[in-house]
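Since the structure comes first, as structure tokens, the remarks are kept for the end.
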Amino acid sequence: MRNHIIKKVALGIAVIVTSVFARAELTIEITQGSDNPTSIAIVPFKSPVGLPEDVAAIVSADLQRSGQFDPIPRKNMLALPQSASEVFYRDWRALGGEYLVIGGIENVGGNYQVWYELYDVLNQRQIDRDRATASPKDLRGLAHFVSDKVYEKITGIRGAFSTKIAYVEVQRDKSNPKNATYRLVRADADGAREQSILESKHPLLSPRWSPDGKKIAYVSFETSRPAVFIQDIFSGQRQQMTNFQGLNGAPSWSPDGKQLAFVLSKDGNPEIYTMDIATKRYSRITNHFAIDTEPSWSGDGKSIIFTSNRGGQPQIYQVTLASGRVERLTFYGDYNARSSLSPDGKTMVMVHREDGVFHIAAQNVETGDMRILTETHLDESPSIAPNGAMLLYATQHNGKGILAAVSLDAGVKFRLPSQEGDVREPAWSPFLQ
Amino acid sequence: MKMLKQGFGLIIFTAVLAGCSSTQTTEAPEPAPADTGAGSMGADSGSVVDEPTEPEVQLDTVFYFDFDQAILRPDARIALAGHAAELKSSPRSVRLEGHADERGSREYNMALGERRANAVRDFLVLQGVDASLIETISYGEEQPLALGMSESSWSQNRRVELK
């Protein structure tokens, strides 16, 4: 009895594990940049003829999207150096450039090798250089590699341009809103190279990356009621983790990747549970007649923050796993939900209602001060980048569900609208190998 | 403030109970009478038109809720009392699907939808319906009836559907 093993359920044609590249990529629209961005020039890279990607343009877009940089437009450049000997600092000082990046792509034994050099224009010296190799399919990955290195060298913060995002895309039949196609999608952090990893006629929600970035946990309604699944991103292999009466939802990985927390209402009431993934043994963590849901682990794995309406409205609480002690964390506003902690544990982000409008807010964990980060409406599902610089969230724009991003200091904002369907529930991956 | 709200909820709940016990005896519609053969006569066209047919009482099967609430409204209780009477006289399995509007967080709305479905189930059981006949499921905000970013759409989506 104590060993609650769930039998593997044969999954028919209810869902299709897919690995095709989809048509509608997300395109970025920057809505607010930093007040004082760093001026940087990314010179077009020396490349073989017919290269399918403009690597320097990708680097430039990455840095611009961070909000910390203001790339100098190509048409303003006075020279296009392709080696150290061609770099003349006065060309870049004249444009107000603070940093300069040059580089090139070479075909090495069927693979592409990228090299770059980063110059400090004001101090007139080279401050970084590196190179990397990737398969011909991964030119964008090489570009993101350069972006990560340049960003870290200048800001001191590890770049997250090489990370991925997952989200749910929904195509809804306008004449019959209940008739919809759901896709679980994986894409680069800039929205490019989107790839559908699961397609279903039944709701898909709450995708969460495993800490090693190799799996995604999510909720699917394909068995006619909600169940938590884990899917290997690369093999497509999936495993049903829960099959209980009532709610089976809101999965969250423990920091060591060995456990899932989720919500079950099998005993009549939504409660937080944890499950050992290998053995499927589970234990109940909360015990209250109110709604307890949306668990999210603390970085040390010793506690879980969650949403509960035990005080009358949804607020954020924390339960210490060893003692079971529950403590309320939010006191500002009458609706706080779906919280998670930044990688340094200093900031907690959440959905927050202010004057009837739903925004994303950040609370300083130490002081309890709360700050509203977004100006959009119907905001939900905040997911913080692994470097803690920005978060992605879901919102509405022109009557469609879109993804948007905001920096944790609220200084930088951009949108990632999809050309087709509604996109929602972004999940930012951890750093990937 | 919180105490007041809870107190208010209790008053409503009490009113619900009082309301339904009276509706049950006075207003609960009888199960539809068995077909007395009008259908077969229908094959012979003409004569049916003059036949005074009793209009079948259609009970609401969708019940609406206030934002972040799972308390049954008075009109829903009247209709549900009717369903309870039907289900007691001719038992069948029913499925209660709880839904929420799109505002707020998705998994919280999933729990809210379940709360709403449970509120309907509990009402039916209190009226004497066999609990084993009732299945509940929540779709949260995943299956809106109305698309649109206004209260007129949202209010249609905060619902339980009896099927």
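Chain lettering (A, B, ...) mirrors the order of the structure tokens, residue numbering begins at 1 for each chain separately, and ligand numbering begins at 1 in order of display.
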
With the cut-off set at 7 Å and counting only C-alpha atoms, tabulate each residue of chain B with an atom at most that distance from an atom of chain A, showing the nearest atom pair and its distance in Å to one decimal, ordered by chain and increasing number, as JSON lines.
{"residue": "B:Lys2", "atom": "CA", "partner": "A:Gly312", "partner_atom": "CA", "distance": 6.8}
{"residue": "B:Arg103", "atom": "CA", "partner": "A:Leu378", "partner_atom": "CA", "distance": 6.0}
{"residue": "B:Gly104", "atom": "CA", "partner": "A:Glu380", "partner_atom": "CA", "distance": 6.5}
{"residue": "B:Ser105", "atom": "CA", "partner": "A:Glu380", "partner_atom": "CA", "distance": 5.7}
{"residue": "B:Glu107", "atom": "CA", "partner": "A:Ala250", "partner_atom": "CA", "distance": 6.2}
{"residue": "B:Tyr108", "atom": "CA", "partner": "A:Thr293", "partner_atom": "CA", "distance": 6.4}
{"residue": "B:Ala111", "atom": "CA", "partner": "A:Ile291", "partner_atom": "CA", "distance": 6.6}
{"residue": "B:Ile137", "atom": "CA", "partner": "A:Gly246", "partner_atom": "CA", "distance": 6.5}
{"residue": "B:Glu142", "atom": "CA", "partner": "A:Pro203", "partner_atom": "CA", "distance": 6.5}
{"residue": "B:Gln143", "atom": "CA", "partner": "A:Lys178", "partner_atom": "CA", "distance": 5.2}
{"residue": "B:Pro144", "atom": "CA", "partner": "A:Pro177", "partner_atom": "CA", "distance": 6.4}
{"residue": "B:Leu145", "atom": "CA", "partner": "A:Pro177", "partner_atom": "CA", "distance": 6.3}

Practice item. Give me the residues within 7 Å of stretch 148-154 of chain B as a ChimeraX atom specification, counting only C-alpha atoms and dropping any in the same chain fewer than 3 places off. Key: /B:101,157-158

Exercise for review: Check the DSSP output for the backbone and give back, as an MDAnalysis selection string, the residues of stretch 184-370 of chain A in strand (DSSP E).
Suggested key: chainID A and resid 184:188 195:200 204:209 215:220 227:232 238:240 248:253 259:264 271:276 282:284 292:297 303:308 315:320 326:328 336:341 347:354 357:364 370

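Proximity to B:Gln127 at 8 Å, evaluated using only C-alpha atoms and with sequence-adjacent residues fewer than 6 positions away removed, yields Ala81, Ala84 and Ala85 of chain B.
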
Would you mind exporting C-alpha atoms of the selected residues as an mmCIF file, in the first residue's frame?
data_model
loop_
_atom_site.group_PDB
_atom_site.id
_atom_site.type_symbol
_atom_site.label_atom_id
_atom_site.label_comp_id
_atom_site.auth_asym_id
_atom_site.auth_seq_id
_atom_site.Cartn_x
_atom_site.Cartn_y
_atom_site.Cartn_z
ATOM 1 C CA ALA B 81 -33.149 21.308 -7.044
ATOM 2 C CA ALA B 84 -31.868 16.597 -8.005
ATOM 3 C CA ALA B 85 -35.519 15.581 -8.174
#

Please identify all polymer residues within 10 Å of A:Ala389, counting only C-alpha atoms, omitting same-chain residues fewer than 2 positions from it, and present them as a PDB file with C-alpha atoms, in the first residue's frame.
ATOM      1  CA  SER A  66      18.757  42.260 -23.077  1.00  0.00           C
ATOM      2  CA  ILE A 157      26.377  38.426 -15.459  1.00  0.00           C
ATOM      3  CA  ARG A 158      26.307  35.034 -17.159  1.00  0.00           C
ATOM      4  CA  GLY A 159      24.504  35.274 -20.496  1.00  0.00           C
ATOM      5  CA  ALA A 160      21.300  33.278 -21.038  1.00  0.00           C
ATOM      6  CA  SER A 342      14.939  33.946  -8.514  1.00  0.00           C
ATOM      7  CA  PRO A 343      18.110  31.816  -8.794  1.00  0.00           C
ATOM      8  CA  ILE A 384      12.664  33.678 -14.486  1.00  0.00           C
ATOM      9  CA  ALA A 385      15.751  33.240 -16.710  1.00  0.00           C
ATOM     10  CA  PRO A 386      18.495  31.113 -15.134  1.00  0.00           C
ATOM     11  CA  ASN A 387      20.762  34.168 -14.826  1.00  0.00           C
ATOM     12  CA  LEU A 391      11.496  36.877 -16.678  1.00  0.00           C
ATOM     13  CA  VAL A 406      10.585  42.144 -18.360  1.00  0.00           C
ATOM     14  CA  SER A 407      13.814  42.587 -16.449  1.00  0.00           C
ATOM     15  CA  LEU A 408      13.627  41.984 -12.719  1.00  0.00           C
ATOM     16  CA  ASP A 409      14.326  45.692 -12.178  1.00  0.00           C
ATOM     17  CA  VAL A 412      13.635  46.426 -19.895  1.00  0.00           C
TER      18      VAL A 412
END

Give me the residues within 9 Å of A:Ser147 as a JSON list (two decimals) with C-alpha atoms, in the first residue's frame, counting only C-alpha atoms and dropping any in the same chain fewer than 2 places off.
[["chain", "number", "residue", "atom", "x", "y", "z"],
["A", 58, "ILE", "CA", 21.78, 37.48, -34.26],
["A", 59, "VAL", "CA", 24.41, 38.62, -31.73],
["A", 60, "SER", "CA", 23.27, 42.20, -32.17],
["A", 62, "ASP", "CA", 20.49, 39.18, -28.57],
["A", 63, "LEU", "CA", 22.35, 42.06, -26.94],
["A", 142, "LEU", "CA", 27.21, 29.71, -32.28],
["A", 143, "ALA", "CA", 25.79, 33.22, -32.46],
["A", 144, "HIS", "CA", 24.20, 32.82, -29.02],
["A", 145, "PHE", "CA", 27.56, 31.53, -27.72],
["A", 149, "LYS", "CA", 30.47, 35.59, -23.80],
["A", 150, "VAL", "CA", 30.26, 39.26, -24.74],
["A", 151, "TYR", "CA", 27.38, 39.89, -22.34],
["A", 152, "GLU", "CA", 29.19, 38.24, -19.44],
["A", 159, "GLY", "CA", 24.50, 35.27, -20.50],
["A", 160, "ALA", "CA", 21.30, 33.28, -21.04],
["A", 161, "PHE", "CA", 21.05, 33.65, -24.82],
["A", 162, "SER", "CA", 21.90, 29.96, -25.39]]

Exercise for review: May I have the residues within 7 Å of stretch 119-123 of chain B as a list in words, using only C-alpha atoms and disregarding those fewer than 3 positions away in the same chain?
Suggested key: Ala70, Ile71, Arg115, Arg116, Leu126, Gln127 and Ile134 of chain B

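Picture a line from atom CA of A:Thr31 to atom CA of A:Leu78; it runs 28.6 Å.
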
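The spacing separating atom CA of A:Val423 from atom CA of A:Asp138 amounts to 25.0 Å.
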
Please provide the set of residues having any atom within 7 Å of stretch 122-134 of chain A, restricted to only C-alpha atoms, with same-chain residues fewer than 3 positions apart removed, written as an mmCIF file with N, CA and C atoms, in the first residue's frame.
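What landed in around_14.cif:
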data_model
loop_
_atom_site.group_PDB
_atom_site.id
_atom_site.type_symbol
_atom_site.label_atom_id
_atom_site.label_comp_id
_atom_site.auth_asym_id
_atom_site.auth_seq_id
_atom_site.Cartn_x
_atom_site.Cartn_y
_atom_site.Cartn_z
ATOM 1 N N TYR A 89 40.409 52.376 -33.568
ATOM 2 C CA TYR A 89 39.480 52.786 -32.508
ATOM 3 C C TYR A 89 38.756 54.086 -32.836
ATOM 4 N N GLU A 98 31.214 52.152 -27.353
ATOM 5 C CA GLU A 98 32.018 51.815 -26.179
ATOM 6 C C GLU A 98 32.722 50.471 -26.358
ATOM 7 N N ASN A 111 31.967 21.132 -40.240
ATOM 8 C CA ASN A 111 31.327 21.902 -39.176
ATOM 9 C C ASN A 111 31.681 23.379 -39.333
ATOM 10 N N TYR A 112 30.957 24.207 -38.572
ATOM 11 C CA TYR A 112 31.286 25.634 -38.576
ATOM 12 C C TYR A 112 32.039 25.984 -37.298
ATOM 13 N N GLN A 113 33.085 26.797 -37.500
ATOM 14 C CA GLN A 113 33.793 27.322 -36.328
ATOM 15 C C GLN A 113 33.620 28.839 -36.327
ATOM 16 N N VAL A 114 33.233 29.357 -35.175
ATOM 17 C CA VAL A 114 33.111 30.807 -35.043
ATOM 18 C C VAL A 114 34.262 31.317 -34.181
ATOM 19 N N TRP A 115 34.800 32.477 -34.542
ATOM 20 C CA TRP A 115 35.747 33.171 -33.661
ATOM 21 C C TRP A 115 35.280 34.604 -33.498
ATOM 22 N N TYR A 116 35.603 35.187 -32.353
ATOM 23 C CA TYR A 116 35.259 36.604 -32.174
ATOM 24 C C TYR A 116 36.330 37.255 -31.313
ATOM 25 N N GLU A 117 36.406 38.573 -31.427
ATOM 26 C CA GLU A 117 37.282 39.369 -30.556
ATOM 27 C C GLU A 117 36.463 40.555 -30.060
ATOM 28 N N LEU A 118 36.599 40.833 -28.767
ATOM 29 C CA LEU A 118 35.857 41.936 -28.145
ATOM 30 C C LEU A 118 36.841 43.036 -27.763
ATOM 31 N N TYR A 119 36.567 44.262 -28.182
ATOM 32 C CA TYR A 119 37.464 45.402 -27.914
ATOM 33 C C TYR A 119 36.767 46.429 -27.031
ATOM 34 N N ASP A 138 23.651 24.334 -36.424
ATOM 35 C CA ASP A 138 23.607 25.099 -35.175
ATOM 36 C C ASP A 138 24.343 26.437 -35.264
ATOM 37 N N LEU A 142 25.901 29.038 -32.323
ATOM 38 C CA LEU A 142 27.209 29.705 -32.279
ATOM 39 C C LEU A 142 27.051 31.205 -32.038
#
